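What follows is the content of coords08.cif, which has mmCIF, C-alpha atoms:
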data_entry
loop_
_atom_site.label_atom_id
_atom_site.label_comp_id
_atom_site.auth_asym_id
_atom_site.auth_seq_id
_atom_site.Cartn_x
_atom_site.Cartn_y
_atom_site.Cartn_z
CA MET D 1 -30.53 11.35 -15.65
CA THR D 2 -29.23 7.93 -16.72
CA ASN D 3 -27.64 9.59 -19.77
CA LEU D 4 -25.38 11.77 -17.63
CA ILE D 5 -21.81 10.47 -17.38
CA SER D 6 -19.76 11.22 -14.27
CA ARG D 7 -16.00 11.16 -13.91
CA MET D 8 -16.41 7.87 -12.01
CA GLU D 9 -17.17 6.08 -15.28
CA SER D 10 -13.43 6.09 -16.03
CA VAL D 11 -12.48 4.66 -12.62
CA GLN D 12 -11.97 0.92 -12.32
CA SER D 13 -14.12 -0.95 -9.79
CA PRO D 14 -12.09 -2.11 -6.76
CA VAL D 15 -11.47 -5.83 -7.15
CA ILE D 16 -11.30 -6.77 -3.45
CA PRO D 17 -15.11 -6.53 -2.91
CA ILE D 18 -15.72 -8.42 -6.17
CA VAL D 19 -13.47 -11.29 -5.13
CA GLY D 20 -14.96 -11.08 -1.63
CA GLU D 21 -18.43 -11.73 -3.07
CA LEU D 22 -17.11 -14.78 -4.93
CA ILE D 23 -15.61 -16.05 -1.67
CA ARG D 24 -18.89 -15.58 0.22
CA ASN D 25 -20.71 -17.53 -2.50
CA THR D 26 -18.22 -20.41 -2.12
CA PRO D 27 -18.22 -21.40 1.57
CA GLY D 28 -14.97 -22.87 2.83
CA THR D 29 -12.76 -20.83 0.51
CA ILE D 30 -9.35 -19.89 1.92
CA SER D 31 -8.44 -16.35 0.94
CA LEU D 32 -4.93 -15.54 -0.23
CA GLY D 33 -6.39 -12.29 -1.47
CA GLN D 34 -6.80 -9.28 0.78
CA GLY D 35 -3.70 -7.60 2.17
CA ILE D 36 -4.29 -7.57 5.91
CA VAL D 37 -2.66 -9.10 8.99
CA SER D 38 -4.29 -11.57 11.34
CA TYR D 39 -3.03 -10.15 14.62
CA ALA D 40 -4.75 -7.58 16.83
CA PRO D 41 -3.59 -4.08 17.76
CA PRO D 42 -1.16 -3.88 20.69
CA PRO D 43 -2.69 -3.67 24.18
CA GLU D 44 -1.33 -0.13 24.52
CA ALA D 45 -3.78 0.96 21.81
CA ILE D 46 -6.72 -0.21 23.93
CA GLU D 47 -5.36 0.83 27.32
CA ILE D 48 -5.07 4.48 26.28
CA LEU D 49 -8.75 4.81 25.25
CA PRO D 50 -10.03 5.78 28.75
CA LYS D 51 -8.04 9.00 28.29
CA PHE D 52 -10.10 9.71 25.19
CA PHE D 53 -13.40 9.10 27.03
CA ALA D 54 -12.29 11.11 30.07
CA ASP D 55 -12.16 14.36 28.10
CA PRO D 56 -15.62 15.42 26.82
CA THR D 57 -14.03 17.85 24.36
CA ASN D 58 -12.78 14.81 22.42
CA ASN D 59 -16.33 14.49 21.08
CA LEU D 60 -15.83 17.77 19.23
CA TYR D 61 -13.92 18.43 16.02
CA LYS D 62 -10.17 18.53 16.46
CA PRO D 63 -7.41 20.05 14.28
CA VAL D 64 -7.57 19.05 10.62
CA GLU D 65 -3.93 17.89 10.64
CA GLY D 66 -4.22 15.75 13.80
CA ILE D 67 -4.06 16.09 17.58
CA PRO D 68 -0.79 17.51 18.96
CA LEU D 69 0.01 14.45 21.12
CA LEU D 70 -0.10 12.12 18.12
CA LEU D 71 1.82 14.53 15.89
CA ALA D 72 4.61 14.61 18.47
CA ALA D 73 4.70 10.80 18.72
CA ILE D 74 4.82 10.47 14.93
CA GLU D 75 7.64 13.01 14.72
CA ALA D 76 9.69 10.94 17.17
CA LYS D 77 8.97 7.74 15.23
CA LEU D 78 9.94 9.33 11.91
CA GLN D 79 13.27 10.45 13.28
CA ALA D 80 14.05 7.13 14.97
CA PHE D 81 12.93 4.70 12.25
CA ASN D 82 12.83 6.63 8.96
CA ASN D 83 15.62 9.14 9.56
CA ILE D 84 13.14 11.87 8.56
CA GLU D 85 13.41 15.10 10.53
CA ILE D 86 10.55 17.57 10.76
CA SER D 87 11.63 21.17 10.27
CA ASP D 88 10.33 24.49 8.96
CA GLU D 89 10.36 22.95 5.46
CA ASN D 90 8.01 20.01 6.05
CA CYS D 91 5.18 18.89 8.30
CA ILE D 92 2.99 15.94 9.33
CA VAL D 93 -0.70 15.51 8.53
CA VAL D 94 -2.61 12.65 10.16
CA THR D 95 -5.00 10.97 7.70
CA ALA D 96 -7.80 8.42 7.70
CA GLY D 97 -5.46 5.72 6.38
CA SER D 98 -2.72 5.94 3.77
CA ASN D 99 -5.23 5.97 0.90
CA MET D 100 -6.48 9.31 2.14
CA GLY D 101 -2.93 10.61 2.13
CA SER D 102 -2.69 9.58 -1.51
CA ILE D 103 -5.84 11.42 -2.63
CA ASN D 104 -4.85 14.43 -0.48
CA ALA D 105 -1.53 14.63 -2.29
CA ILE D 106 -2.91 14.16 -5.79
CA LEU D 107 -5.61 16.80 -5.37
CA ALA D 108 -3.15 19.21 -3.77
CA ILE D 109 -0.54 19.11 -6.56
CA THR D 110 -2.58 18.72 -9.77
CA VAL D 111 -5.15 20.28 -12.03
CA PRO D 112 -7.33 18.16 -14.35
CA GLY D 113 -5.32 16.88 -17.29
CA ASP D 114 -2.03 16.58 -15.40
CA GLU D 115 -0.03 13.35 -15.43
CA ILE D 116 1.35 11.21 -12.63
CA ILE D 117 3.79 8.37 -13.28
CA LEU D 118 3.00 4.96 -11.80
CA ASN D 119 5.37 2.00 -11.95
CA THR D 120 3.66 -1.19 -13.05
CA PRO D 121 2.43 -3.29 -11.50
CA TYR D 122 0.86 -0.44 -9.55
CA TYR D 123 -1.27 -0.29 -6.40
CA PHE D 124 -4.78 -0.02 -7.84
CA ASN D 125 -6.09 2.66 -5.45
CA HIS D 126 -3.35 5.01 -6.65
CA GLU D 127 -4.49 4.62 -10.24
CA MET D 128 -8.12 5.08 -9.17
CA ALA D 129 -7.32 8.28 -7.25
CA ILE D 130 -5.51 9.74 -10.27
CA ALA D 131 -8.53 9.03 -12.48
CA MET D 132 -10.92 10.53 -9.92
CA ALA D 133 -8.87 13.74 -9.94
CA GLY D 134 -9.30 14.03 -13.71
CA CYS D 135 -5.64 13.31 -14.29
CA ARG D 136 -3.86 10.64 -16.31
CA ALA D 137 -1.72 7.81 -14.98
CA VAL D 138 1.38 7.33 -17.13
CA LEU D 139 2.51 3.73 -16.73
CA VAL D 140 6.19 2.76 -16.68
CA GLY D 141 6.98 -0.94 -16.48
CA CYS D 142 9.42 -2.26 -13.90
CA ASP D 143 12.16 -4.68 -14.94
CA GLU D 144 11.83 -8.49 -14.89
CA ASN D 145 12.47 -8.49 -11.12
CA TYR D 146 9.92 -5.71 -10.54
CA GLN D 147 12.62 -3.17 -9.72
CA LEU D 148 12.43 0.48 -10.78
CA ARG D 149 13.83 1.64 -14.13
CA PRO D 150 14.92 5.25 -13.54
CA GLU D 151 15.87 5.90 -17.18
CA ALA D 152 12.40 4.85 -18.34
CA ILE D 153 10.82 7.02 -15.65
CA ALA D 154 12.87 10.02 -16.78
CA GLN D 155 11.86 9.44 -20.41
CA ALA D 156 8.15 9.34 -19.44
CA ILE D 157 8.21 12.82 -17.87
CA THR D 158 6.44 15.51 -19.90
CA PRO D 159 5.51 19.14 -19.20
CA LYS D 160 2.26 17.80 -17.69
CA THR D 161 3.96 15.45 -15.22
CA ARG D 162 3.44 16.43 -11.59
CA ALA D 163 4.77 13.42 -9.66
CA VAL D 164 6.31 9.95 -9.69
CA VAL D 165 4.80 7.41 -7.30
CA THR D 166 6.88 4.63 -5.74
CA VAL D 167 5.64 1.92 -3.36
CA SER D 168 8.31 0.18 -1.28
CA PRO D 169 8.00 -2.45 0.11
CA ASN D 170 5.76 -3.00 -2.84
CA ASN D 171 2.14 -3.94 -3.22
CA PRO D 172 1.51 -6.17 -5.20
CA THR D 173 4.98 -7.67 -5.76
CA GLY D 174 6.54 -7.62 -2.28
CA VAL D 175 9.76 -6.23 -3.79
CA VAL D 176 11.83 -3.74 -1.76
CA TYR D 177 13.44 -0.98 -3.84
CA SER D 178 17.13 -0.39 -3.25
CA PHE D 179 18.65 2.76 -1.78
CA GLU D 180 20.37 3.48 -5.10
CA LEU D 181 17.22 3.20 -7.21
CA LEU D 182 15.07 5.25 -4.85
CA ARG D 183 17.73 7.95 -4.61
CA GLU D 184 18.06 8.08 -8.40
CA VAL D 185 14.30 8.46 -8.86
CA ASN D 186 14.19 11.07 -6.10
CA GLN D 187 16.97 13.04 -7.78
CA ILE D 188 15.18 12.84 -11.14
CA CYS D 189 12.13 14.39 -9.48
CA ALA D 190 14.29 17.15 -8.00
CA SER D 191 15.98 17.97 -11.30
CA ARG D 192 12.70 18.00 -13.24
CA GLY D 193 10.76 20.06 -10.69
CA ILE D 194 8.14 17.42 -9.83
CA TYR D 195 7.12 15.59 -6.66
CA HIS D 196 8.15 12.15 -5.47
CA ILE D 197 5.20 10.44 -3.74
CA SER D 198 6.58 7.58 -1.63
CA ASP D 199 4.04 5.06 -0.30
CA GLU D 200 5.58 3.27 2.68
CA ALA D 201 2.60 1.42 4.17
CA TYR D 202 4.66 -1.79 4.51
CA GLU D 203 7.77 -0.14 5.95
CA TYR D 204 8.22 -2.67 8.78
CA PHE D 205 7.70 -5.79 6.63
CA THR D 206 11.18 -6.65 5.37
CA TYR D 207 13.03 -9.96 5.57
CA ASN D 208 16.51 -11.46 5.22
CA GLY D 209 18.20 -8.38 6.65
CA VAL D 210 16.81 -6.04 3.97
CA LYS D 211 16.39 -2.47 5.23
CA HIS D 212 13.54 -0.10 4.45
CA ILE D 213 14.53 3.19 2.82
CA SER D 214 12.52 6.42 3.11
CA PRO D 215 13.17 8.88 0.26
CA GLY D 216 12.13 11.67 2.62
CA SER D 217 15.41 11.07 4.47
CA PHE D 218 17.58 11.97 1.48
CA PRO D 219 19.42 15.28 1.93
CA GLY D 220 17.59 18.20 0.34
CA SER D 221 14.45 16.17 -0.46
CA ARG D 222 11.98 17.83 1.91
CA ASP D 223 10.77 20.41 -0.60
CA TYR D 224 9.45 17.89 -3.15
CA THR D 225 9.01 14.52 -1.38
CA ILE D 226 5.60 13.40 -0.10
CA SER D 227 5.77 10.37 2.19
CA LEU D 228 2.71 8.25 2.98
CA PHE D 229 2.48 5.97 6.03
CA SER D 230 -0.15 3.70 7.58
CA LEU D 231 -0.89 1.93 10.86
CA SER D 232 -3.29 -0.47 9.11
CA LYS D 233 -0.73 -3.19 8.44
CA ALA D 234 1.95 -3.19 11.12
CA TYR D 235 -0.39 -2.43 14.01
CA GLY D 236 -3.47 -4.43 12.96
CA PHE D 237 -5.41 -1.18 12.48
CA ALA D 238 -7.11 -1.91 9.14
CA SER D 239 -10.59 -0.74 10.16
CA TRP D 240 -9.39 2.01 12.52
CA ARG D 241 -8.41 4.13 9.48
CA ILE D 242 -5.32 5.97 10.68
CA GLY D 243 -2.28 6.90 8.65
CA TYR D 244 -0.18 10.00 8.16
CA MET D 245 1.77 11.89 5.54
CA VAL D 246 4.90 14.02 5.58
CA ILE D 247 4.60 16.85 3.08
CA PRO D 248 6.51 19.95 2.03
CA LYS D 249 5.29 22.85 4.16
CA HIS D 250 4.15 24.75 1.07
CA LEU D 251 1.48 22.07 0.44
CA LEU D 252 -0.10 22.28 3.91
CA VAL D 253 -2.82 24.80 3.03
CA ALA D 254 -3.91 22.79 -0.02
CA VAL D 255 -3.86 19.46 1.83
CA LYS D 256 -5.88 20.90 4.70
CA LYS D 257 -8.51 22.14 2.22
CA VAL D 258 -8.87 18.62 0.83
CA GLN D 259 -8.97 16.93 4.20
CA ASP D 260 -11.36 19.43 5.76
CA THR D 261 -13.77 18.91 2.85
CA ILE D 262 -13.67 15.11 2.86
CA LEU D 263 -13.12 14.35 6.53
CA ILE D 264 -12.87 17.53 8.67
CA CYS D 265 -10.49 15.71 11.02
CA PRO D 266 -9.21 12.15 11.38
CA PRO D 267 -11.31 10.11 13.87
CA VAL D 268 -10.07 11.29 17.25
CA ILE D 269 -10.69 8.00 19.02
CA SER D 270 -8.52 6.26 16.43
CA GLN D 271 -5.86 8.94 16.88
CA TYR D 272 -5.72 8.11 20.59
CA ALA D 273 -5.44 4.41 19.74
CA ALA D 274 -2.61 5.24 17.33
CA LEU D 275 -0.86 7.20 20.06
CA GLY D 276 -1.03 4.12 22.26
CA ALA D 277 0.12 1.82 19.45
CA LEU D 278 3.23 3.89 18.84
CA GLN D 279 4.13 3.29 22.50
CA ALA D 280 3.96 -0.50 22.10
CA LYS D 281 6.92 -2.56 23.24
CA PRO D 282 9.42 -3.44 20.47
CA GLU D 283 8.51 -7.11 20.88
CA TYR D 284 5.06 -6.45 19.45
CA LEU D 285 6.31 -5.76 15.94
CA LYS D 286 9.27 -8.13 16.21
CA ASP D 287 7.16 -11.12 17.25
CA ASN D 288 4.23 -10.55 14.89
CA ILE D 289 6.33 -9.81 11.83
CA GLY D 290 8.57 -12.74 12.80
CA ALA D 291 5.53 -15.01 12.69
CA ILE D 292 4.65 -13.69 9.22
CA ALA D 293 8.24 -14.37 8.14
CA GLN D 294 7.74 -18.03 9.12
CA VAL D 295 4.51 -18.18 7.10
CA ARG D 296 6.42 -16.63 4.19
CA GLU D 297 8.88 -19.54 4.23
CA LEU D 298 6.00 -22.02 3.95
CA VAL D 299 4.60 -20.08 0.99
CA LEU D 300 7.99 -20.08 -0.73
CA GLU D 301 8.31 -23.83 -0.23
CA SER D 302 4.93 -24.41 -1.84
CA LEU D 303 5.69 -22.09 -4.75
CA LYS D 304 8.66 -24.26 -5.72
CA ARG D 305 6.16 -26.84 -6.92
CA LEU D 306 4.91 -24.41 -9.57
CA GLU D 307 8.22 -24.30 -11.42
CA GLY D 308 7.46 -24.47 -15.12
CA LEU D 309 3.88 -23.30 -14.65
CA CYS D 310 4.70 -19.93 -13.10
CA THR D 311 7.52 -17.44 -12.82
CA VAL D 312 7.92 -16.49 -9.16
CA THR D 313 10.02 -13.41 -8.41
CA LEU D 314 11.54 -13.61 -4.95
CA ALA D 315 10.60 -10.62 -2.82
CA ASP D 316 11.93 -9.47 0.54
CA GLY D 317 9.10 -7.23 1.69
CA ALA D 318 5.39 -6.75 2.46
CA PHE D 319 3.45 -10.05 2.50
CA TYR D 320 2.89 -10.71 -1.18
CA PHE D 321 4.26 -12.71 -4.07
CA PHE D 322 3.32 -11.84 -7.64
CA LEU D 323 3.10 -14.84 -9.96
CA LYS D 324 3.35 -14.78 -13.72
CA VAL D 325 1.29 -17.77 -14.85
CA HIS D 326 2.31 -19.34 -18.16
CA THR D 327 -1.14 -19.52 -19.69
CA ASP D 328 -3.42 -17.72 -22.12
CA ILE D 329 -6.33 -17.93 -19.67
CA ASP D 330 -7.64 -14.54 -18.57
CA ALA D 331 -6.46 -13.70 -15.05
CA PHE D 332 -9.92 -12.98 -13.66
CA GLU D 333 -11.32 -16.14 -15.23
CA LEU D 334 -8.51 -18.08 -13.56
CA VAL D 335 -9.32 -16.46 -10.20
CA GLU D 336 -12.99 -17.41 -10.58
CA ARG D 337 -12.12 -21.02 -11.38
CA LEU D 338 -9.70 -21.30 -8.47
CA ILE D 339 -12.45 -20.15 -6.11
CA ARG D 340 -15.25 -22.29 -7.58
CA GLU D 341 -13.27 -25.47 -8.24
CA TYR D 342 -10.51 -25.40 -5.59
CA GLN D 343 -11.84 -23.06 -2.88
CA VAL D 344 -8.83 -20.77 -2.82
CA ALA D 345 -8.82 -17.05 -3.66
CA VAL D 346 -6.09 -14.80 -5.06
CA ILE D 347 -6.22 -11.41 -6.82
CA PRO D 348 -5.90 -11.02 -10.61
CA GLY D 349 -2.96 -9.01 -11.91
CA THR D 350 -5.17 -6.97 -14.23
CA THR D 351 -6.29 -4.84 -11.30
CA PHE D 352 -2.62 -3.83 -10.83
CA GLY D 353 -2.28 -2.75 -14.46
CA MET D 354 -0.84 -6.00 -15.83
CA ASN D 355 -3.05 -6.50 -18.86
CA LYS D 356 -0.61 -8.47 -21.00
CA GLY D 357 -0.22 -11.99 -19.69
CA CYS D 358 -1.73 -13.72 -16.67
CA TYR D 359 -0.60 -12.56 -13.23
CA LEU D 360 -1.83 -13.37 -9.72
CA ARG D 361 -1.13 -11.71 -6.38
CA VAL D 362 -0.76 -14.11 -3.47
CA ALA D 363 -1.16 -12.54 0.00
CA TYR D 364 -0.06 -14.42 3.12
CA GLY D 365 -0.13 -11.85 5.94
CA ALA D 366 -3.56 -12.78 7.32
CA LEU D 367 -3.04 -16.53 7.69
CA GLN D 368 -1.65 -18.85 10.34
CA LYS D 369 0.78 -21.65 9.42
CA GLU D 370 -1.86 -24.38 9.21
CA THR D 371 -4.25 -22.32 7.11
CA VAL D 372 -1.61 -21.06 4.70
CA LYS D 373 -0.32 -24.60 4.14
CA GLU D 374 -3.80 -25.75 3.14
CA GLY D 375 -4.42 -22.61 1.08
CA MET D 376 -1.15 -23.00 -0.82
CA GLU D 377 -1.86 -26.71 -1.36
CA ARG D 378 -5.18 -25.76 -2.97
CA LEU D 379 -3.54 -23.05 -5.08
CA VAL D 380 -0.80 -25.37 -6.34
CA ARG D 381 -3.28 -28.17 -7.11
CA GLY D 382 -5.61 -25.68 -8.76
CA LEU D 383 -2.98 -24.18 -11.04
CA GLN D 384 -1.60 -27.60 -11.90
CA GLY D 385 -5.10 -28.87 -12.66
CA ILE D 386 -6.34 -25.89 -14.65
CA ILE D 387 -3.20 -25.02 -16.60
CA SER D 388 -2.44 -28.61 -17.57
CA LEU D 389 -5.90 -29.11 -19.07
#
Please express what this file holds, its structure, as structure tokens.
Amino acid sequence: MTNLISRMESVQSPVIPIVGELIRNTPGTISLGQGIVSYAPPPEAIEILPKFFADPTNNLYKPVEGIPLLLAAIEAKLQAFNNIEISDENCIVVTAGSNMGSINAILAITVPGDEIILNTPYYFNHEMAIAMAGCRAVLVGCDENYQLRPEAIAQAITPKTRAVVTVSPNNPTGVVYSFELLREVNQICASRGIYHISDEAYEYFTYNGVKHISPGSFPGSRDYTISLFSLSKAYGFASWRIGYMVIPKHLLVAVKKVQDTILICPPVISQYAALGALQAKPEYLKDNIGAIAQVRELVLESLKRLEGLCTVTLADGAFYFFLKVHTDIDAFELVERLIREYQVAVIPGTTFGMNKGCYLRVAYGALQKETVKEGMERLVRGLQGIISL
């Protein structure tokens, strides 16, 4: 049996658990690695749970696409925040996190051997999902500021291309794509008869007056735009596993087949919590994201000390910065040394498809001011110490 090769052989191992093991083996390490927030879900998410327990039928399977109360709340949110209207042409499917929405979409629109375009640096779970589906990720590099290059995307499309994936605000770079670039990519997808998969997990995390844009709001885009959303980040729901997708209505049967096979239905207790979260006061998001914005300023101040050692692209979204380190040292080797020698953890750029050069993702959403100051001090000292050797 050991000679049998499964499709999983071609799938990269997720780096977060690997770095997590290094952190556990080095007590006292400050993690600038995993992309999570430090704050808890809003009280409304907890206060609504007695309604779940009060109905014994909630212990049974519920609709594959989500409970009606939550679908209605999501529809209202989409119209108010994203300018996306639900009609006869599109629909909402609640998922167990945004990653599930991604695999739902890929399995629903492809056959083995198809191609999906990813912009590099990419979100690693997207690339992994494409490989699991027996498809091929076609990589298109962003420009020097990590913005989309629509002409290059158009040139990469072949008869096997089924979709273009965009992530804005972006993981791992933190860059927010402009209205003009997203619209151009969306129109390319329309003209070439392929889907635009838009991952918007960080939709609320924008700074300096930058606005989030949802391609699903563009006129005429409902028939080919797949929008992925998550409560994991903005509402502190990482382990609750609730997200949702907006899909063209003609994909609903296929998506339900995938979801019913993998999940049957999203966890109903988490759906109730999500319903409560979406009723949170506006101050919840404003205050918590405002606190992250203050942490972001501290990170930026520290990064100034790396001038000459790193290229730091300013980014107005998510809670990441993506550093290009001016060294020939392998990125993962550098990550290991930073943990062992300086007790600070970041994520290597290789896991995001950046195999030429040394890149590091710095995440700051999970840390308080005091901790991030110490973590950034260790990172700066570590890079200065290692690179100058």
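Pairwise distance (CA of Lys257 (chain D), CA of Phe237 (chain D)) equals 25.7 Å.
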Q) Mind telling me what the PyMOL selection byres ((chain D and resi 124) around 8) catches here, as a list in words? A) Pro14, Tyr122, Tyr123, Asn125, His126, Glu127, Met128, Thr351, Phe352 and Gly353 of chain D
Using only C-alpha atoms, please write the residues we just selected to a file, as a compact mmCIF listing (two decimals), keeping the file's coordinate frame.
# COMPACT_ATOMS: atom_id res chain seq x y z
CA PRO D 14 -12.09 -2.11 -6.76
CA TYR D 122 0.86 -0.44 -9.55
CA TYR D 123 -1.27 -0.29 -6.40
CA ASN D 125 -6.09 2.66 -5.45
CA HIS D 126 -3.35 5.01 -6.65
CA GLU D 127 -4.49 4.62 -10.24
CA MET D 128 -8.12 5.08 -9.17
CA THR D 351 -6.29 -4.84 -11.30
CA PHE D 352 -2.62 -3.83 -10.83
CA GLY D 353 -2.28 -2.75 -14.46
Could the residues of region 33-78 of chain D that have an atom at most 9 Å from region 86-95 of chain D be listed as CSV, each with its closest atom pair and the distance in Å to one decimal, counting all atoms listed in the file and ordered by chain and ascending residue number?
residue,atom,partner,partner_atom,distance
D:Val64,CA,D:Val93,CA,8.0
D:Glu65,CA,D:Val93,CA,4.5
D:Gly66,CA,D:Val94,CA,5.0
D:Ile67,CA,D:Val94,CA,8.3
D:Leu70,CA,D:Val94,CA,8.4
D:Leu71,CA,D:Ile92,CA,6.8
D:Ile74,CA,D:Ile92,CA,8.0
D:Glu75,CA,D:Ile86,CA,6.7
D:Leu78,CA,D:Ile86,CA,8.3
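Of the residues under consideration (D:Ala190, D:Ala315, D:Leu309, D:Ile347), D:Leu309 shows the shortest atom-to-atom contact distance to Gly385 (chain D) when counting all atoms listed in the file.
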When the PyMOL selection byres ((chain D and resi 241-246) around 6) is applied to the structure above, which residues does it catch, written out as a short mmCIF file (atom, residue, chain, number, x, y, z; two decimals) with C-alpha atoms, keeping the file's coordinate frame?
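Everything below was put into result38.cif:
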data_model
loop_
_atom_site.label_atom_id
_atom_site.label_comp_id
_atom_site.auth_asym_id
_atom_site.auth_seq_id
_atom_site.Cartn_x
_atom_site.Cartn_y
_atom_site.Cartn_z
CA CYS D 91 5.18 18.89 8.30
CA ILE D 92 2.99 15.94 9.33
CA VAL D 93 -0.70 15.51 8.53
CA VAL D 94 -2.61 12.65 10.16
CA THR D 95 -5.00 10.97 7.70
CA ALA D 96 -7.80 8.42 7.70
CA GLY D 97 -5.46 5.72 6.38
CA SER D 98 -2.72 5.94 3.77
CA GLY D 101 -2.93 10.61 2.13
CA ILE D 226 5.60 13.40 -0.10
CA SER D 227 5.77 10.37 2.19
CA LEU D 228 2.71 8.25 2.98
CA PHE D 229 2.48 5.97 6.03
CA SER D 230 -0.15 3.70 7.58
CA LEU D 231 -0.89 1.93 10.86
CA SER D 239 -10.59 -0.74 10.16
CA TRP D 240 -9.39 2.01 12.52
CA ILE D 247 4.60 16.85 3.08
#
Q | Output check: residues returned by the PyMOL selection byres ((chain D and resi 331) around 9), as a PyMOL selection string | A | chain D and resi 325+328-330+332-336+347-350+355+357-360
Q. Which residue gives the smallest distance to Ile264 (chain D) among D:Ala76, D:Ile23, D:Leu32, D:Leu60, with all atoms listed in the file counted?
A.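 Selected residue with least distance to Ile264 (chain D): D:Leu60.
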Q. Counting all atoms listed in the file, what is within 12 Å of Gln368 (chain D), bar same-chain residues fewer than 5 positions away, as a list in words?
A.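 Using all atoms listed in the file, the neighbours found are Ile30, Ser31, Leu32, Val37, Ser38, Tyr39, Asn288, Ala291, Ile292, Ala293, Gln294, Val295, Arg296, Leu298, Val299, Lys373, Glu374, Gly375 and Met376 of chain D.
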Dump as a compact mmCIF listing (two decimals), keeping the file's coordinate frame, selection limited to C-alpha atoms:
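result.txt written:
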# COMPACT_ATOMS: atom_id res chain seq x y z
CA ILE D 30 -9.35 -19.89 1.92
CA SER D 31 -8.44 -16.35 0.94
CA LEU D 32 -4.93 -15.54 -0.23
CA VAL D 37 -2.66 -9.10 8.99
CA SER D 38 -4.29 -11.57 11.34
CA TYR D 39 -3.03 -10.15 14.62
CA ASN D 288 4.23 -10.55 14.89
CA ALA D 291 5.53 -15.01 12.69
CA ILE D 292 4.65 -13.69 9.22
CA ALA D 293 8.24 -14.37 8.14
CA GLN D 294 7.74 -18.03 9.12
CA VAL D 295 4.51 -18.18 7.10
CA ARG D 296 6.42 -16.63 4.19
CA LEU D 298 6.00 -22.02 3.95
CA VAL D 299 4.60 -20.08 0.99
CA LYS D 373 -0.32 -24.60 4.14
CA GLU D 374 -3.80 -25.75 3.14
CA GLY D 375 -4.42 -22.61 1.08
CA MET D 376 -1.15 -23.00 -0.82
(Q) List the spatial neighbours of Thr120 (chain D) as a ChimeraX atom specification - criterion: any atom at most 7 Å away, all atoms listed in the file, same-chain residues fewer than 3 positions off excluded. (A) /D:139-142,353
Q: Give me, please, the distance in Å between CA of Pro172 (chain D) and CA of Ser217 (chain D), quoted to one decimal.
A: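 Distance reported for this atom pair: 24.2 Å.
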**Q.** Selection near Asn186 (chain D), 8 Å with all atoms listed in the file, sequence-local residues under 4 positions removed, as a ChimeraX atom specification
**A.** /D:182,190,196,215,221,225
Q | Residues within 10 Å of region 150-167 of chain D, all atoms listed in the file, excluding chain neighbours under 4 positions, as JSON, numbers by chain | A | {"D": [102, 105, 106, 109, 110, 111, 113, 114, 115, 116, 117, 118, 119, 120, 122, 123, 126, 135, 136, 137, 138, 139, 140, 141, 142, 171, 172, 173, 174, 175, 176, 177, 181, 182, 183, 184, 185, 186, 187, 188, 189, 192, 193, 194, 195, 196, 197, 198, 199, 200, 201, 202, 203, 215, 224, 225, 226, 227, 228]}
Q.
To one decimal place in Å, what is the distance between CA of Asp55 (chain D) and CA of Lys77 (chain D)?
A.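 Going from CA of Asp55 (chain D) over to CA of Lys77 (chain D) covers 25.6 Å.
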Q: Considering all atoms listed in the file, state which residue in the set D:His212, D:Ile386, D:Leu314, D:Tyr342 is at the smallest distance from His326 (chain D).
A: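 Smallest separation from His326 (chain D) among the options: D:Ile386.
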Q: Check the smallest atom-to-atom distance from each of D:Val380, D:Ile130, D:Val344, D:Leu107 to Thr26 (chain D) using all atoms listed in the file, then report the winner.
A: D:Val344
Q: Would you please work out which residue, of D:Ile269, D:Val210, D:Gly216, D:Gln147, is nearest to Pro248 (chain D) when using all atoms listed in the file?
A: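 That would be D:Gly216, the residue with the smallest distance to Pro248 (chain D).
Using only C-alpha atoms, the nearest neighbour of Asn99 (chain D) within the list D:Ala238, D:Leu22, D:Tyr320, D:Gly220 is D:Ala238.
Taking all atoms listed in the file into account, those protein, DNA and RNA residues with any atom at most 9 Å away from (-13.8, 12.9, -8.1) amount to Ser6, Arg7, Met8, Ala129, Ala131, Met132, Ala133 and Gly134 of chain D.
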Provide region 60-75 of chain D of the preceding structure as a file containing C-alpha atoms, as a PDB file, in the first residue's frame.
ATOM      1  CA  LEU D  60     -31.133  17.856  13.609  1.00  0.00           C
ATOM      2  CA  TYR D  61     -29.711  18.510  10.154  1.00  0.00           C
ATOM      3  CA  LYS D  62     -30.736  21.836   8.668  1.00  0.00           C
ATOM      4  CA  PRO D  63     -30.774  23.084   5.055  1.00  0.00           C
ATOM      5  CA  VAL D  64     -27.516  22.560   3.172  1.00  0.00           C
ATOM      6  CA  GLU D  65     -27.345  26.235   2.166  1.00  0.00           C
ATOM      7  CA  GLY D  66     -27.973  27.630   5.674  1.00  0.00           C
ATOM      8  CA  ILE D  67     -30.852  28.472   8.007  1.00  0.00           C
ATOM      9  CA  PRO D  68     -33.368  31.011   6.660  1.00  0.00           C
ATOM     10  CA  LEU D  69     -32.849  33.533   9.494  1.00  0.00           C
ATOM     11  CA  LEU D  70     -29.125  33.775   8.796  1.00  0.00           C
ATOM     12  CA  LEU D  71     -29.607  33.896   5.025  1.00  0.00           C
ATOM     13  CA  ALA D  72     -31.926  36.874   5.475  1.00  0.00           C
ATOM     14  CA  ALA D  73     -29.440  38.666   7.748  1.00  0.00           C
ATOM     15  CA  ILE D  74     -26.613  38.062   5.269  1.00  0.00           C
ATOM     16  CA  GLU D  75     -28.739  39.363   2.405  1.00  0.00           C
TER      17      GLU D  75
END
